[in-house]
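So this block is entry.txt, compact mmCIF, C-alpha atoms:
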# COMPACT_ATOMS: atom_id res chain seq x y z
CA GLN C 1 99.13 -34.20 36.83
CA VAL C 2 101.86 -34.99 34.36
CA GLN C 3 105.51 -34.12 34.82
CA LEU C 4 107.84 -33.69 31.85
CA VAL C 5 111.62 -33.85 32.12
CA GLU C 6 113.57 -32.75 29.07
CA SER C 7 117.22 -33.37 28.30
CA GLY C 8 119.69 -33.31 25.45
CA GLY C 9 119.94 -29.68 24.46
CA GLY C 10 123.24 -27.90 24.01
CA LEU C 11 125.61 -26.21 21.62
CA VAL C 12 126.39 -27.78 18.28
CA GLN C 13 128.04 -26.65 15.08
CA ALA C 14 126.05 -26.19 11.91
CA GLY C 15 125.60 -29.51 10.18
CA GLY C 16 125.76 -31.41 13.43
CA SER C 17 123.23 -33.49 15.32
CA LEU C 18 121.53 -33.55 18.69
CA ARG C 19 118.96 -35.79 20.29
CA LEU C 20 116.39 -34.45 22.71
CA SER C 21 114.54 -36.62 25.21
CA CYS C 22 111.39 -35.96 27.19
CA ALA C 23 110.24 -38.34 29.89
CA ALA C 24 106.67 -38.10 31.09
CA SER C 25 105.44 -39.34 34.45
CA GLY C 26 102.30 -39.09 36.51
CA SER C 27 98.75 -39.47 35.24
CA ILE C 28 99.56 -40.73 31.77
CA PHE C 29 96.52 -41.58 29.69
CA GLY C 30 96.89 -44.39 27.19
CA ILE C 31 95.81 -42.30 24.22
CA ASN C 32 97.86 -39.15 24.08
CA THR C 33 100.03 -36.95 21.93
CA MET C 34 103.55 -35.89 22.75
CA GLY C 35 105.65 -33.53 20.79
CA TRP C 36 108.25 -30.84 20.50
CA TYR C 37 107.77 -27.14 19.93
CA ARG C 38 110.37 -24.40 19.78
CA GLN C 39 110.63 -20.71 20.36
CA ALA C 40 113.41 -18.59 18.95
CA PRO C 41 114.18 -15.12 20.35
CA GLY C 42 111.57 -12.62 19.23
CA LYS C 43 109.41 -15.26 17.60
CA GLN C 44 106.29 -17.16 18.52
CA ARG C 45 106.42 -20.72 19.70
CA GLU C 46 106.02 -23.11 16.79
CA LEU C 47 105.39 -26.78 16.25
CA VAL C 48 108.39 -28.93 15.41
CA ALA C 49 106.99 -32.45 15.50
CA THR C 50 104.34 -34.50 17.25
CA ILE C 51 103.68 -38.19 17.70
CA MET C 52 100.54 -39.89 18.90
CA SER C 53 100.48 -42.92 21.12
CA LEU C 54 99.32 -44.95 18.13
CA GLY C 55 102.40 -43.82 16.24
CA SER C 56 101.26 -41.26 13.71
CA THR C 57 103.61 -38.32 13.31
CA ASN C 58 103.46 -34.76 12.12
CA TYR C 59 106.36 -32.45 11.21
CA ALA C 60 106.85 -28.81 10.46
CA ASP C 61 107.90 -28.32 6.85
CA SER C 62 111.13 -26.69 7.99
CA VAL C 63 112.36 -29.87 9.69
CA LYS C 64 111.04 -32.59 7.39
CA GLY C 65 113.83 -34.86 6.27
CA ARG C 66 116.17 -33.62 9.01
CA PHE C 67 114.36 -34.34 12.27
CA THR C 68 112.81 -37.58 13.43
CA ILE C 69 110.42 -37.94 16.33
CA SER C 70 109.97 -41.27 18.06
CA ARG C 71 108.69 -42.60 21.35
CA ASP C 72 109.13 -45.43 23.78
CA ILE C 73 105.65 -46.20 25.05
CA ALA C 74 106.89 -48.35 27.91
CA LYS C 75 109.09 -45.52 29.18
CA ASN C 76 106.61 -42.73 28.34
CA THR C 77 109.50 -41.01 26.63
CA VAL C 78 109.62 -39.11 23.38
CA TYR C 79 112.77 -38.39 21.41
CA LEU C 80 113.68 -35.85 18.78
CA GLN C 81 116.67 -36.73 16.62
CA MET C 82 117.87 -33.58 14.93
CA ASN C 83 120.31 -33.82 12.03
CA SER C 84 121.78 -31.28 9.65
CA LEU C 85 121.19 -28.51 12.14
CA ASN C 86 121.49 -24.92 11.02
CA SER C 87 121.37 -21.54 12.72
CA GLU C 88 117.62 -21.25 12.18
CA ASP C 89 117.13 -24.24 14.48
CA THR C 90 118.50 -22.24 17.40
CA ALA C 91 115.70 -21.97 19.94
CA VAL C 92 114.36 -23.19 23.23
CA TYR C 93 112.72 -26.54 22.60
CA TYR C 94 109.69 -27.47 24.66
CA CYS C 95 108.16 -30.87 25.18
CA ARG C 96 104.38 -31.11 25.28
CA TYR C 97 102.03 -33.79 26.50
CA SER C 98 98.30 -33.71 25.81
CA ASP C 99 95.34 -36.05 26.15
CA TYR C 100 91.57 -35.65 26.41
CA LYS C 101 91.92 -33.96 29.77
CA TYR C 102 95.41 -32.54 30.25
CA ASP C 103 97.84 -30.33 28.37
CA TYR C 104 101.31 -29.94 29.89
CA TRP C 105 104.53 -28.29 28.82
CA GLY C 106 108.08 -28.95 29.88
CA GLN C 107 110.40 -26.20 31.04
CA GLY C 108 112.35 -26.16 27.82
CA THR C 109 115.88 -26.99 26.76
CA GLN C 110 118.15 -24.65 24.82
CA VAL C 111 119.51 -25.68 21.45
CA THR C 112 122.14 -23.40 19.98
CA VAL C 113 123.59 -23.97 16.52
CA SER C 114 126.80 -22.12 15.76
CA SER C 115 127.75 -21.29 12.20
Go ahead and express the file in the form of structure tokens.
Amino acid sequence: QVQLVESGGGLVQAGGSLRLSCAASGSIFGINTMGWYRQAPGKQRELVATIMSLGSTNYADSVKGRFTISRDIAKNTVYLQMNSLNSEDTAVYYCRYSDYKYDYWGQGTQVTVSS
């Protein structure tokens, strides 16, 4: 099993920044993908950004140029730096870990952007 612990959510004013962290532990496979997804009230969960263990990244169009995903392989931790936040970024953000065998989700952390 893999355990995911998220942190860093909160309340921020429009235009501000937040950094989310997700630490993975347990049966971590060397080749894996970690990422962030979000779900706003009344909407489906959507991809925000992903990063593979080899470093390649993928972003939703809505966050390109504002969000940056990175990871510390040694710590099995993925980060999401979110800048220029706006009200449409308000959502519960979920961390995800996946490899050839497992697919795990974190419990989510709330991000609220006030205008």
Using all atoms listed in the file, find each residue of stretch 45-70 of chain C with at least one atom at most 12 Å away from an atom of stretch 88-102 of chain C; report its shortest atom-to-atom pair and that distance in Å (one decimal), sort the rows by chain and rising residue number, and return the result as JSON lines.
{"residue": "C:Arg45", "atom": "CA", "partner": "C:Tyr94", "partner_atom": "CA", "distance": 9.0}
{"residue": "C:Glu46", "atom": "CA", "partner": "C:Tyr93", "partner_atom": "CA", "distance": 9.5}
{"residue": "C:Leu47", "atom": "CA", "partner": "C:Tyr94", "partner_atom": "CA", "distance": 9.5}
{"residue": "C:Val48", "atom": "CA", "partner": "C:Tyr93", "partner_atom": "CA", "distance": 8.7}
{"residue": "C:Ala49", "atom": "CA", "partner": "C:Cys95", "partner_atom": "CA", "distance": 9.9}
{"residue": "C:Thr50", "atom": "CA", "partner": "C:Arg96", "partner_atom": "CA", "distance": 8.7}
{"residue": "C:Ile51", "atom": "CA", "partner": "C:Tyr97", "partner_atom": "CA", "distance": 10.0}
{"residue": "C:Met52", "atom": "CA", "partner": "C:Ser98", "partner_atom": "CA", "distance": 9.5}
{"residue": "C:Ser53", "atom": "CA", "partner": "C:Asp99", "partner_atom": "CA", "distance": 9.9}
{"residue": "C:Ala60", "atom": "CA", "partner": "C:Asp89", "partner_atom": "CA", "distance": 11.9}
{"residue": "C:Ser62", "atom": "CA", "partner": "C:Asp89", "partner_atom": "CA", "distance": 9.2}
{"residue": "C:Val63", "atom": "CA", "partner": "C:Asp89", "partner_atom": "CA", "distance": 8.8}
{"residue": "C:Arg66", "atom": "CA", "partner": "C:Asp89", "partner_atom": "CA", "distance": 10.9}
{"residue": "C:Phe67", "atom": "CA", "partner": "C:Asp89", "partner_atom": "CA", "distance": 10.7}
{"residue": "C:Ile69", "atom": "CA", "partner": "C:Cys95", "partner_atom": "CA", "distance": 11.6}
Note to self: Could you check the closest approach to C:Thr33 for each of C:Gln81, C:Asn58, C:Gln1, C:Ser114 and tell me which residue wins, using all atoms listed in the file?
What the structure shows: C:Asn58
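Atom CA of C:Asn76 is found 5.9 Å from atom CA of C:Ala23.
Ranking C:Gly106, C:Gly42, C:Gly30, C:Gly65 by their shortest atom-to-atom distance to C:Gln3, with only C-alpha atoms included, puts C:Gly106 first.
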Margin query: Taking 3 positions as the minimum chain separation for residues in the same chain, which residues sit within 10 Å of C:Val12 when counting only C-alpha atoms? Answer as a ChimeraX atom specification.
Written below: /C:9,15-18,85-87,90,111-115
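In this structure, atom CA of C:Gly8 sits 14.1 Å away from atom CA of C:Arg38.
Our summary of the geometry notes that atom CA of C:Ser27 is positioned 5.5 Å from atom CA of C:Val2.
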